[in-house]
Amino acid sequence: MLKFIRSNTTMTGRVGRKTYWQFLGLSFALLIISGIIVSFIPEASSIINIETSSDPFSYAKVIGILCFLLLTVFVLNVCITIRRLHDRNMSGWWILLNIIPYIGGLIIFIICGFLKGTVGKNKYGEGVTV
């Protein structure tokens, strides 16, 4: 798992559409699974009724777990999106289009998810086979 995270937190190189889609699916599954797991933590049920909580820090524990998971998925998604933009021979700075509400994220999603990458070598590295 550590090797997977280390290899995917780099912002250099290229990845193809297949890897991008697999990673998006993995990210979505991780978020769903983490939500299910957190819902079964005893402290999570006490968030609804803090007065009956035996541990005053239960809220902080659950929020801490969620923040860690969300931050991990966010960083990995930024890295994989930048590498996908590199496959299209585009600078990673294009990811800042996500700042534009609705339309920016849609543009990045279409570029990364549906458009083919550069065939052969480009300024970001060798071509991706798939």
# chains A, B, ... in the order shown; residues from 1 in each chain; ligands from 1
>>> residues_around(residues="segment 96-110 of chain A", least_positions_apart="4", cutoff="9 Å", atoms="only C-alpha atoms", output="number ranges by chain")
A: 81, 85, 92, 114-115
>>> write_last_selection(atoms="C-alpha atoms", output="PDB file, in the first residue's frame")
ATOM      1  CA  THR A  81      -4.999  14.457 -12.585  1.00  0.00           C
ATOM      2  CA  LEU A  85      -2.841  16.349 -18.054  1.00  0.00           C
ATOM      3  CA  GLY A  92      -0.270  20.571 -14.549  1.00  0.00           C
ATOM      4  CA  PHE A 114     -12.343  11.081 -22.358  1.00  0.00           C
ATOM      5  CA  LEU A 115      -9.676  12.645 -24.586  1.00  0.00           C
TER       6      LEU A 115
END
>>> residues_around(residues="Cys79 of chain A", least_positions_apart="3", cutoff="8 Å", atoms="only C-alpha atoms", output="list in words")
Asn8, Thr9, Thr10, Met11, Val75, Leu76, Ile82 and Arg83 of chain A
>>> write_last_selection(atoms="all heavy atoms", output="PDB file, in the first residue's frame")
ATOM      1  N   ASN A   8       2.114   7.055  -6.635  1.00  0.00           N
ATOM      2  CA  ASN A   8       1.052   7.893  -7.173  1.00  0.00           C
ATOM      3  C   ASN A   8       1.015   9.297  -6.595  1.00  0.00           C
ATOM      4  O   ASN A   8       0.142  10.079  -6.949  1.00  0.00           O
ATOM      5  CB  ASN A   8      -0.304   7.215  -6.979  1.00  0.00           C
ATOM      6  CG  ASN A   8      -0.504   6.097  -7.960  1.00  0.00           C
ATOM      7  OD1 ASN A   8      -0.442   6.297  -9.163  1.00  0.00           O
ATOM      8  ND2 ASN A   8      -0.699   4.893  -7.459  1.00  0.00           N
ATOM      9  N   THR A   9       1.928   9.625  -5.713  1.00  0.00           N
ATOM     10  CA  THR A   9       1.974  10.993  -5.198  1.00  0.00           C
ATOM     11  C   THR A   9       2.997  11.844  -5.928  1.00  0.00           C
ATOM     12  O   THR A   9       3.237  12.973  -5.541  1.00  0.00           O
ATOM     13  CB  THR A   9       2.265  11.016  -3.685  1.00  0.00           C
ATOM     14  OG1 THR A   9       3.448  10.269  -3.426  1.00  0.00           O
ATOM     15  CG2 THR A   9       1.097  10.482  -2.892  1.00  0.00           C
ATOM     16  N   THR A  10       3.561  11.319  -6.985  1.00  0.00           N
ATOM     17  CA  THR A  10       4.478  12.105  -7.794  1.00  0.00           C
ATOM     18  C   THR A  10       3.681  12.888  -8.831  1.00  0.00           C
ATOM     19  O   THR A  10       2.625  12.445  -9.271  1.00  0.00           O
ATOM     20  CB  THR A  10       5.526  11.210  -8.481  1.00  0.00           C
ATOM     21  OG1 THR A  10       6.389  12.046  -9.246  1.00  0.00           O
ATOM     22  CG2 THR A  10       4.895  10.174  -9.367  1.00  0.00           C
ATOM     23  N   MET A  11       4.169  14.042  -9.182  1.00  0.00           N
ATOM     24  CA  MET A  11       3.482  14.865 -10.169  1.00  0.00           C
ATOM     25  C   MET A  11       4.252  14.913 -11.481  1.00  0.00           C
ATOM     26  O   MET A  11       4.020  15.789 -12.309  1.00  0.00           O
ATOM     27  CB  MET A  11       3.263  16.265  -9.614  1.00  0.00           C
ATOM     28  CG  MET A  11       2.328  16.289  -8.454  1.00  0.00           C
ATOM     29  SD  MET A  11       1.978  17.947  -7.941  1.00  0.00           S
ATOM     30  CE  MET A  11       1.245  17.650  -6.359  1.00  0.00           C
ATOM     31  N   VAL A  75      -5.189  14.579  -2.210  1.00  0.00           N
ATOM     32  CA  VAL A  75      -3.802  14.681  -2.693  1.00  0.00           C
ATOM     33  C   VAL A  75      -3.553  13.688  -3.826  1.00  0.00           C
ATOM     34  O   VAL A  75      -2.959  14.030  -4.858  1.00  0.00           O
ATOM     35  CB  VAL A  75      -2.800  14.476  -1.535  1.00  0.00           C
ATOM     36  CG1 VAL A  75      -1.389  14.291  -2.049  1.00  0.00           C
ATOM     37  CG2 VAL A  75      -2.864  15.641  -0.567  1.00  0.00           C
ATOM     38  N   LEU A  76      -4.009  12.457  -3.652  1.00  0.00           N
ATOM     39  CA  LEU A  76      -3.816  11.454  -4.695  1.00  0.00           C
ATOM     40  C   LEU A  76      -4.555  11.827  -5.984  1.00  0.00           C
ATOM     41  O   LEU A  76      -4.041  11.633  -7.084  1.00  0.00           O
ATOM     42  CB  LEU A  76      -4.246  10.081  -4.198  1.00  0.00           C
ATOM     43  CG  LEU A  76      -3.359   9.478  -3.104  1.00  0.00           C
ATOM     44  CD1 LEU A  76      -3.984   8.212  -2.549  1.00  0.00           C
ATOM     45  CD2 LEU A  76      -1.969   9.213  -3.606  1.00  0.00           C
ATOM     46  N   ILE A  82      -2.894  15.673 -12.528  1.00  0.00           N
ATOM     47  CA  ILE A  82      -1.762  16.375 -13.138  1.00  0.00           C
ATOM     48  C   ILE A  82      -1.025  15.454 -14.094  1.00  0.00           C
ATOM     49  O   ILE A  82      -0.666  15.848 -15.210  1.00  0.00           O
ATOM     50  CB  ILE A  82      -0.825  16.937 -12.052  1.00  0.00           C
ATOM     51  CG1 ILE A  82      -1.498  18.122 -11.366  1.00  0.00           C
ATOM     52  CG2 ILE A  82       0.525  17.349 -12.639  1.00  0.00           C
ATOM     53  CD1 ILE A  82      -0.757  18.663 -10.167  1.00  0.00           C
ATOM     54  N   ARG A  83      -0.809  14.216 -13.705  1.00  0.00           N
ATOM     55  CA  ARG A  83      -0.123  13.271 -14.587  1.00  0.00           C
ATOM     56  C   ARG A  83      -0.967  12.956 -15.824  1.00  0.00           C
ATOM     57  O   ARG A  83      -0.428  12.727 -16.909  1.00  0.00           O
ATOM     58  CB  ARG A  83       0.218  12.007 -13.807  1.00  0.00           C
ATOM     59  CG  ARG A  83       1.285  12.285 -12.767  1.00  0.00           C
ATOM     60  CD  ARG A  83       1.557  11.127 -11.856  1.00  0.00           C
ATOM     61  NE  ARG A  83       2.115  10.020 -12.603  1.00  0.00           N
ATOM     62  CZ  ARG A  83       2.056   8.767 -12.194  1.00  0.00           C
ATOM     63  NH1 ARG A  83       1.465   8.464 -11.052  1.00  0.00           N
ATOM     64  NH2 ARG A  83       2.600   7.811 -12.902  1.00  0.00           N
TER      65      ARG A  83
END
>>> select_by_dssp(residues="chain A", states="helix (DSSP H, G or I)", output="VMD selection string")
chain A and resid 2 to 8 17 to 40 42 to 48 50 to 52 58 to 87 92 to 99 103 to 114
>>> closest_residue(among="A:Asn77, A:Asn89, A:Ser7, A:Ser34", to="Ile63 of chain A", atoms="only C-alpha atoms")
A:Ser34
>>> atom_distance(atom1="atom CA of Phe23 of chain A", atom2="atom CA of Lys61 of chain A")
27.4 Å
>>> atom_distance(atom1="atom CA of Gly13 of chain A", atom2="atom CA of Phe74 of chain A")
18.9 Å
>>> closest_residue(among="A:Ala29, A:Gly64, A:Ile95, A:Lys3", to="Val78 of chain A", atoms="only C-alpha atoms")
A:Ile95
>>> atom_distance(atom1="atom CA of Thr12 of chain A", atom2="atom CA of Leu31 of chain A")
25.4 Å
